Amino acid sequence: MVPMPRIRRLVCAISLALIVFAGVQPLHSGRADILNPTISVHDPSRMVFSTEDGRWYIFFTGNGTPFMWSTDKINWNRTSADRVWPSTVDNFNYWAPDMWNEPIHGKYYLFYSQSSFGSQNSFIHVASTSSLASPAWVKEGTAIASVSGQGRPFRYNAIDPAPYYDEAADRLWLVFGSFWDGIFIVELNPSNPTQQVSTPLHIAGGRPGPNAIEGAYVFRRGAWFYQVVSVDTCCQGSNSTYKQIVGRSTQITGPYFDRDGVDLRFYGGTIFTAGGGPEIGPGQFGLYTLDGIERFTYHLYSNSPFGPSRLGGRSIDWDASGWPLAVFSTAVPQGMYRIRRQNTDLYLHARDESTDPDTEGHIEQDVLGTRLSRNWLLFPTTSPGGDTYYNIQNVGTKLFLSIAAGPGDNRAVLPGAGTDFVRQERPGDLGTYENQKWRIIQGADGSYSIQSYRSGLSLGLPSTSIEPGLTVHQKPWVFPNQATMRFLLEPVVDTTPPDIVSLAASPNRLWPPNHRLVTVTVTAQVQDDVDPAPVTRIVSITSNEPVLGMGDGNTSFDWVITGDLTAQLRAERSGNGTGRIYTITLESRDFSNNVSTQNVTVVTPLSMGE
């Protein structure tokens with residue numbers, strides 16, 4: 001963890017600790033892998049493997065339930081004939097099909113939805129085949145249906161099925177639902193999935209406004225069941241605000257809670273991934289592995305106005321508390337940057353360069369000028385699984401870029417009410433305080449979106465105005481907003497070395513001259529206008545007397561550097577001289593490799609009174 005300052009011009013007292021910055025990673029965009037850029041895919045199922053032909057299959061929304069296939073999970077293929085129901089048999093536009101990973105009692109069961117936009121009159125049907133390589137599909141019937149006006153506790157919409165099969169217990173569950181009261185789970189007969197074994201149970205919902213929640217997927221890892229759900233506006237192309245949230249439970253039937261302990265039935269849900277940079281509206285999670293790495297499929301839109309949805313793939317990492325993270329790799333190296341709004345001469349500044357965030361914490365756009373607050377330090381932290389987030393510190397104020405106070409996730413963001421502001425704050429625990437974590441995602445045009453790790457929303461201006469002083473907000477990454485949300489990161493070269501204000505050695509006088517080694521600690525005060533914590537260390541020690549001199553006992557060695565700011569010096573001097581003076585040379589180096597050096601002395605006098 002990188003210790004960060006709390007004052008405008010850093011004065012850091014450095015003793016024994018080594019300041020460690022996250023290593024600079026290779027330059028990547030953080031973009032998703034588009035598994036086939038020519039196939040339009042919406043609501044993809046999970047990947048299902050067929051041992052007969054060695055192919056992986058994904059089904060998706062469309063007339064007759066289309067599918068595509070792959071032999072390596074990377075390169076995907078389909079023809080117009082690749083659909084469950086030929087056009088002469090059934091040409092209905094079925095939605096969001098899904099299938100368990102392998103046969104259940106010798107059959108592959110495909111669950112698929114029949115509905116229309118805005119309707120609660122919906123059905124989840126079941127089809128089966130004993131082979132995917134040479135299928136003979138049979139319509140088994142309906143697993144569950146919903147009707148308009150259905151009241152609680154059955155105010156669900158029967159679409160977006162996702163099965164979960166416990167082979168050891170021979171129990172089959174179906175997660176489903178959309179809008180109304182949200183997501184439900186029901187147990188089905190694994191020998192005949194059109195038969196319900198239990199009453200549908202509510203496991204997620206409580207969204208405000210239209211209660212936009214759907215596309216749930218449940219999987220087990222260790223002792224936990226995880227539920228990933230798509231929320232907000234779907235199916236609007238590049239105007240979609242779809243994102244994915246996650247909760248977990250020790251029981252498949254819930255209740256599911258997010259990282260804050262909020263129940264997913266009552267507006268809980270930790271952001272898993274949200275649109276930004278080159279992708280919009282990520283939704284419809286599906287788990288798979290590739291070369292031993294856990295990954296997920298999902299659909300996404302390109303950042304053009306009317307681009308079709310595509311199949312994306314991205315890796316999953318797991319934090320120390322057992323929460324899944326969608327992996328975004330390093331987009332820019334650690335360093336100092338100016339953040340310029342694309343196609344303008346306006347840069348992000350701390351308003352009034354205020355160092356009191358309680359009085360003035362807003363971030364604004366302004367002309368470049370000479371203020372130090374035009375410069376920002378980007379500190380990437382990369383997990384072992386490759387996920388990268390950034391802490392972003394203002395050079396002028398030494399405060400950190402943060403989303404508005406409060407829980408900080410998308411359930412607290414109200415446009416125009418002040419909770420959508422982006423502000424600067426004193427540093428929290430930068431390893432855990434998610435309000436100050438950011439993703440930086442590079443688009444195809446070289447611009448960047450800067451997305452809150454916590455809320456899933458991106459930095460942007462409230463309008464297309466180029467008026468200086470406009471306050472920065474957090475907003476969903478949708479096409480109409482993007483002119484106000486694309487930024488260029490301009491590296492700033494720091495050529496000024498750190499200023500070593502003072503040095504002190506303790507002890508600075510070695511007595512008595514008994515030829516023993518004494519531990520000496522150096523305390524340094526260093527200040528730098530850019531680097532909040534230059535690395536300061538002892539680089540050499542010299543003596544004004546020879547190592548082996550007359551009267552010093554000829555004991556070796558006379559000094560050794562034991563730490564960044566500690567050394568051991570021998571308490572001795574030549575009896576026929578004026579005393580020994582050790583000169584300790586320290587180096588202070590900032591992350592731009594600017595270096596200052598300065599000396600501090602420790603003496604062994606000729607006599608006790610000197």
# chains A, B, ... in the order shown; residues from 1 in each chain; ligands from 1
$ select_by_dssp --residues "stretch 120-288 of chain A" --states "strand (DSSP E)" --output "VMD selection string"
chain A and resid 122 to 129 138 to 146 162 to 166 171 to 176 183 to 189 192 to 196 201 to 204 213 to 221 224 to 231 243 to 249 270 to 274 280 to 288
$ closest_residue --among "A:Ala524, A:Ile466, A:Val603, A:Leu201" --to "A:Thr536" --atoms "only C-alpha atoms"
A:Ala524
$ closest_residue --among "A:Gln393, A:Ser354, A:Ser122, A:Thr129" --to "A:Pro427" --atoms "only C-alpha atoms"
A:Gln393
$ closest_atom_pairs --of "stretch 295-400 of chain A" --to "stretch 271-275 of chain A" --cutoff "12 Å" --atoms "only C-alpha atoms" --output "CSV"
residue,atom,partner,partner_atom,distance
A:Phe296,CA,A:Thr273,CA,11.1
A:Thr297,CA,A:Thr273,CA,11.9
A:Tyr298,CA,A:Thr273,CA,10.4
A:His299,CA,A:Gly275,CA,10.9
A:Leu300,CA,A:Gly275,CA,8.2
A:Tyr301,CA,A:Gly275,CA,8.9
A:Ser302,CA,A:Gly275,CA,9.9
A:Asn303,CA,A:Gly275,CA,9.7
A:Arg314,CA,A:Thr273,CA,10.2
A:Ser315,CA,A:Thr273,CA,11.5
A:Ile316,CA,A:Phe272,CA,9.9
A:Asp317,CA,A:Phe272,CA,11.0
A:Trp318,CA,A:Phe272,CA,11.5
A:Trp323,CA,A:Phe272,CA,9.5
A:Pro324,CA,A:Phe272,CA,7.5
A:Leu325,CA,A:Phe272,CA,6.3
A:Ala326,CA,A:Phe272,CA,6.2
A:Val327,CA,A:Thr273,CA,9.1
A:Phe328,CA,A:Thr273,CA,9.6
$ write_last_selection --atoms "N, CA and C atoms" --output "PDB file, in the first residue's frame"
ATOM      1  N   PHE A 296     -15.819 -14.849 -17.965  1.00  0.00           N
ATOM      2  CA  PHE A 296     -17.261 -14.785 -18.163  1.00  0.00           C
ATOM      3  C   PHE A 296     -17.562 -14.213 -19.538  1.00  0.00           C
ATOM      4  N   THR A 297     -18.656 -14.700 -20.122  1.00  0.00           N
ATOM      5  CA  THR A 297     -19.180 -14.132 -21.356  1.00  0.00           C
ATOM      6  C   THR A 297     -20.289 -13.145 -21.013  1.00  0.00           C
ATOM      7  N   TYR A 298     -20.533 -12.228 -21.941  1.00  0.00           N
ATOM      8  CA  TYR A 298     -21.614 -11.258 -21.779  1.00  0.00           C
ATOM      9  C   TYR A 298     -21.820 -10.567 -23.111  1.00  0.00           C
ATOM     10  N   HIS A 299     -22.968  -9.913 -23.254  1.00  0.00           N
ATOM     11  CA  HIS A 299     -23.144  -9.121 -24.471  1.00  0.00           C
ATOM     12  C   HIS A 299     -22.816  -7.664 -24.176  1.00  0.00           C
ATOM     13  N   LEU A 300     -22.392  -6.958 -25.212  1.00  0.00           N
ATOM     14  CA  LEU A 300     -22.050  -5.552 -25.079  1.00  0.00           C
ATOM     15  C   LEU A 300     -22.275  -4.867 -26.416  1.00  0.00           C
ATOM     16  N   TYR A 301     -22.420  -3.556 -26.372  1.00  0.00           N
ATOM     17  CA  TYR A 301     -22.549  -2.764 -27.592  1.00  0.00           C
ATOM     18  C   TYR A 301     -21.250  -2.007 -27.839  1.00  0.00           C
ATOM     19  N   SER A 302     -20.985  -1.736 -29.115  1.00  0.00           N
ATOM     20  CA  SER A 302     -19.844  -0.891 -29.441  1.00  0.00           C
ATOM     21  C   SER A 302     -20.204   0.549 -29.111  1.00  0.00           C
ATOM     22  N   ASN A 303     -19.218   1.460 -29.216  1.00  0.00           N
ATOM     23  CA  ASN A 303     -19.491   2.854 -28.867  1.00  0.00           C
ATOM     24  C   ASN A 303     -19.929   3.688 -30.061  1.00  0.00           C
ATOM     25  N   ARG A 314     -14.227 -11.772 -20.681  1.00  0.00           N
ATOM     26  CA  ARG A 314     -13.301 -11.070 -19.797  1.00  0.00           C
ATOM     27  C   ARG A 314     -12.952 -12.001 -18.641  1.00  0.00           C
ATOM     28  N   SER A 315     -11.763 -11.842 -18.088  1.00  0.00           N
ATOM     29  CA  SER A 315     -11.319 -12.687 -16.978  1.00  0.00           C
ATOM     30  C   SER A 315     -11.932 -12.238 -15.656  1.00  0.00           C
ATOM     31  N   ILE A 316     -11.963 -13.165 -14.717  1.00  0.00           N
ATOM     32  CA  ILE A 316     -12.452 -12.898 -13.366  1.00  0.00           C
ATOM     33  C   ILE A 316     -11.300 -13.076 -12.388  1.00  0.00           C
ATOM     34  N   ASP A 317     -11.160 -12.144 -11.472  1.00  0.00           N
ATOM     35  CA  ASP A 317     -10.238 -12.267 -10.359  1.00  0.00           C
ATOM     36  C   ASP A 317     -11.067 -12.334  -9.076  1.00  0.00           C
ATOM     37  N   TRP A 318     -10.436 -12.760  -7.996  1.00  0.00           N
ATOM     38  CA  TRP A 318     -11.129 -12.868  -6.708  1.00  0.00           C
ATOM     39  C   TRP A 318     -10.330 -12.118  -5.654  1.00  0.00           C
ATOM     40  N   TRP A 323     -14.737 -12.082  -3.187  1.00  0.00           N
ATOM     41  CA  TRP A 323     -15.663 -11.424  -4.098  1.00  0.00           C
ATOM     42  C   TRP A 323     -15.073 -11.402  -5.504  1.00  0.00           C
ATOM     43  N   PRO A 324     -15.918 -11.666  -6.509  1.00  0.00           N
ATOM     44  CA  PRO A 324     -15.417 -11.678  -7.886  1.00  0.00           C
ATOM     45  C   PRO A 324     -15.192 -10.274  -8.418  1.00  0.00           C
ATOM     46  N   LEU A 325     -14.158 -10.127  -9.231  1.00  0.00           N
ATOM     47  CA  LEU A 325     -13.823  -8.852  -9.856  1.00  0.00           C
ATOM     48  C   LEU A 325     -13.687  -9.076 -11.352  1.00  0.00           C
ATOM     49  N   ALA A 326     -14.356  -8.258 -12.145  1.00  0.00           N
ATOM     50  CA  ALA A 326     -14.145  -8.285 -13.587  1.00  0.00           C
ATOM     51  C   ALA A 326     -12.793  -7.650 -13.873  1.00  0.00           C
ATOM     52  N   VAL A 327     -11.934  -8.351 -14.582  1.00  0.00           N
ATOM     53  CA  VAL A 327     -10.544  -7.909 -14.749  1.00  0.00           C
ATOM     54  C   VAL A 327     -10.438  -6.838 -15.832  1.00  0.00           C
ATOM     55  N   PHE A 328      -9.910  -5.689 -15.437  1.00  0.00           N
ATOM     56  CA  PHE A 328      -9.543  -4.615 -16.353  1.00  0.00           C
ATOM     57  C   PHE A 328      -8.047  -4.408 -16.197  1.00  0.00           C
TER      58      PHE A 328
END
$ residues_around --residues "stretch 145-149 of chain A" --least-positions-apart "2" --cutoff "9 Å" --atoms "only C-alpha atoms" --output "PDB file with C-alpha atoms, in the first residue's frame"
ATOM      1  CA  SER A 119     -45.539  -7.496 -20.850  1.00  0.00           C
ATOM      2  CA  GLN A 120     -45.925  -9.708 -17.813  1.00  0.00           C
ATOM      3  CA  ASN A 121     -47.633 -12.322 -19.981  1.00  0.00           C
ATOM      4  CA  SER A 122     -44.541 -14.499 -20.368  1.00  0.00           C
ATOM      5  CA  PHE A 123     -43.490 -18.126 -20.525  1.00  0.00           C
ATOM      6  CA  ILE A 124     -40.334 -20.124 -19.925  1.00  0.00           C
ATOM      7  CA  HIS A 125     -40.444 -23.163 -22.156  1.00  0.00           C
ATOM      8  CA  THR A 142     -43.646 -24.835 -20.073  1.00  0.00           C
ATOM      9  CA  ALA A 143     -41.650 -24.697 -16.843  1.00  0.00           C
ATOM     10  CA  GLY A 151     -50.037 -10.137  -7.352  1.00  0.00           C
ATOM     11  CA  PHE A 154     -45.995 -14.098  -7.433  1.00  0.00           C
ATOM     12  CA  ARG A 155     -45.454 -10.686  -9.042  1.00  0.00           C
ATOM     13  CA  TYR A 156     -42.751 -11.991 -11.311  1.00  0.00           C
ATOM     14  CA  ASN A 157     -42.123 -12.018 -15.054  1.00  0.00           C
ATOM     15  CA  ALA A 158     -41.288 -15.448 -16.457  1.00  0.00           C
ATOM     16  CA  ILE A 159     -38.292 -14.695 -18.662  1.00  0.00           C
TER      17      ILE A 159
END
$ decode --residues "stretch 300-326 of chain A" --atoms "N, CA and C atoms" --output "PDB file, in the first residue's frame"
ATOM      1  N   LEU A 300     -22.392  -6.958 -25.212  1.00  0.00           N
ATOM      2  CA  LEU A 300     -22.050  -5.552 -25.079  1.00  0.00           C
ATOM      3  C   LEU A 300     -22.275  -4.867 -26.416  1.00  0.00           C
ATOM      4  N   TYR A 301     -22.420  -3.556 -26.372  1.00  0.00           N
ATOM      5  CA  TYR A 301     -22.549  -2.764 -27.592  1.00  0.00           C
ATOM      6  C   TYR A 301     -21.250  -2.007 -27.839  1.00  0.00           C
ATOM      7  N   SER A 302     -20.985  -1.736 -29.115  1.00  0.00           N
ATOM      8  CA  SER A 302     -19.844  -0.891 -29.441  1.00  0.00           C
ATOM      9  C   SER A 302     -20.204   0.549 -29.111  1.00  0.00           C
ATOM     10  N   ASN A 303     -19.218   1.460 -29.216  1.00  0.00           N
ATOM     11  CA  ASN A 303     -19.491   2.854 -28.867  1.00  0.00           C
ATOM     12  C   ASN A 303     -19.929   3.688 -30.061  1.00  0.00           C
ATOM     13  N   SER A 304     -20.362   3.029 -31.137  1.00  0.00           N
ATOM     14  CA  SER A 304     -20.989   3.772 -32.233  1.00  0.00           C
ATOM     15  C   SER A 304     -22.479   3.888 -31.939  1.00  0.00           C
ATOM     16  N   PRO A 305     -23.195   4.805 -32.586  1.00  0.00           N
ATOM     17  CA  PRO A 305     -24.587   5.052 -32.191  1.00  0.00           C
ATOM     18  C   PRO A 305     -25.490   3.842 -32.316  1.00  0.00           C
ATOM     19  N   PHE A 306     -25.322   3.026 -33.346  1.00  0.00           N
ATOM     20  CA  PHE A 306     -26.290   1.974 -33.598  1.00  0.00           C
ATOM     21  C   PHE A 306     -25.623   0.615 -33.772  1.00  0.00           C
ATOM     22  N   GLY A 307     -24.464   0.426 -33.168  1.00  0.00           N
ATOM     23  CA  GLY A 307     -23.756  -0.832 -33.330  1.00  0.00           C
ATOM     24  C   GLY A 307     -24.524  -1.993 -32.720  1.00  0.00           C
ATOM     25  N   PRO A 308     -24.501  -3.172 -33.368  1.00  0.00           N
ATOM     26  CA  PRO A 308     -25.180  -4.340 -32.807  1.00  0.00           C
ATOM     27  C   PRO A 308     -24.430  -4.874 -31.597  1.00  0.00           C
ATOM     28  N   SER A 309     -25.116  -5.669 -30.800  1.00  0.00           N
ATOM     29  CA  SER A 309     -24.459  -6.258 -29.631  1.00  0.00           C
ATOM     30  C   SER A 309     -23.545  -7.395 -30.064  1.00  0.00           C
ATOM     31  N   ARG A 310     -22.474  -7.570 -29.325  1.00  0.00           N
ATOM     32  CA  ARG A 310     -21.484  -8.600 -29.610  1.00  0.00           C
ATOM     33  C   ARG A 310     -21.247  -9.443 -28.360  1.00  0.00           C
ATOM     34  N   LEU A 311     -20.600 -10.592 -28.571  1.00  0.00           N
ATOM     35  CA  LEU A 311     -20.252 -11.472 -27.463  1.00  0.00           C
ATOM     36  C   LEU A 311     -18.883 -11.084 -26.931  1.00  0.00           C
ATOM     37  N   GLY A 312     -18.831 -10.694 -25.667  1.00  0.00           N
ATOM     38  CA  GLY A 312     -17.576 -10.324 -25.033  1.00  0.00           C
ATOM     39  C   GLY A 312     -17.124 -11.377 -24.052  1.00  0.00           C
ATOM     40  N   GLY A 313     -15.830 -11.397 -23.803  1.00  0.00           N
ATOM     41  CA  GLY A 313     -15.259 -12.275 -22.793  1.00  0.00           C
ATOM     42  C   GLY A 313     -14.248 -11.515 -21.967  1.00  0.00           C
ATOM     43  N   ARG A 314     -14.227 -11.772 -20.681  1.00  0.00           N
ATOM     44  CA  ARG A 314     -13.301 -11.070 -19.797  1.00  0.00           C
ATOM     45  C   ARG A 314     -12.952 -12.001 -18.641  1.00  0.00           C
ATOM     46  N   SER A 315     -11.763 -11.842 -18.088  1.00  0.00           N
ATOM     47  CA  SER A 315     -11.319 -12.687 -16.978  1.00  0.00           C
ATOM     48  C   SER A 315     -11.932 -12.238 -15.656  1.00  0.00           C
ATOM     49  N   ILE A 316     -11.963 -13.165 -14.717  1.00  0.00           N
ATOM     50  CA  ILE A 316     -12.452 -12.898 -13.366  1.00  0.00           C
ATOM     51  C   ILE A 316     -11.300 -13.076 -12.388  1.00  0.00           C
ATOM     52  N   ASP A 317     -11.160 -12.144 -11.472  1.00  0.00           N
ATOM     53  CA  ASP A 317     -10.238 -12.267 -10.359  1.00  0.00           C
ATOM     54  C   ASP A 317     -11.067 -12.334  -9.076  1.00  0.00           C
ATOM     55  N   TRP A 318     -10.436 -12.760  -7.996  1.00  0.00           N
ATOM     56  CA  TRP A 318     -11.129 -12.868  -6.708  1.00  0.00           C
ATOM     57  C   TRP A 318     -10.330 -12.118  -5.654  1.00  0.00           C
ATOM     58  N   ASP A 319     -11.010 -11.267  -4.883  1.00  0.00           N
ATOM     59  CA  ASP A 319     -10.291 -10.531  -3.848  1.00  0.00           C
ATOM     60  C   ASP A 319     -10.129 -11.400  -2.605  1.00  0.00           C
ATOM     61  N   ALA A 320      -9.450 -10.853  -1.611  1.00  0.00           N
ATOM     62  CA  ALA A 320      -9.113 -11.633  -0.417  1.00  0.00           C
ATOM     63  C   ALA A 320     -10.344 -12.046   0.377  1.00  0.00           C
ATOM     64  N   SER A 321     -11.459 -11.339   0.186  1.00  0.00           N
ATOM     65  CA  SER A 321     -12.693 -11.663   0.906  1.00  0.00           C
ATOM     66  C   SER A 321     -13.607 -12.581   0.110  1.00  0.00           C
ATOM     67  N   GLY A 322     -13.144 -13.029  -1.060  1.00  0.00           N
ATOM     68  CA  GLY A 322     -13.943 -13.963  -1.839  1.00  0.00           C
ATOM     69  C   GLY A 322     -14.988 -13.321  -2.717  1.00  0.00           C
ATOM     70  N   TRP A 323     -14.737 -12.082  -3.187  1.00  0.00           N
ATOM     71  CA  TRP A 323     -15.663 -11.424  -4.098  1.00  0.00           C
ATOM     72  C   TRP A 323     -15.073 -11.402  -5.504  1.00  0.00           C
ATOM     73  N   PRO A 324     -15.918 -11.666  -6.509  1.00  0.00           N
ATOM     74  CA  PRO A 324     -15.417 -11.678  -7.886  1.00  0.00           C
ATOM     75  C   PRO A 324     -15.192 -10.274  -8.418  1.00  0.00           C
ATOM     76  N   LEU A 325     -14.158 -10.127  -9.231  1.00  0.00           N
ATOM     77  CA  LEU A 325     -13.823  -8.852  -9.856  1.00  0.00           C
ATOM     78  C   LEU A 325     -13.687  -9.076 -11.352  1.00  0.00           C
ATOM     79  N   ALA A 326     -14.356  -8.258 -12.145  1.00  0.00           N
ATOM     80  CA  ALA A 326     -14.145  -8.285 -13.587  1.00  0.00           C
ATOM     81  C   ALA A 326     -12.793  -7.650 -13.873  1.00  0.00           C
TER      82      ALA A 326
END
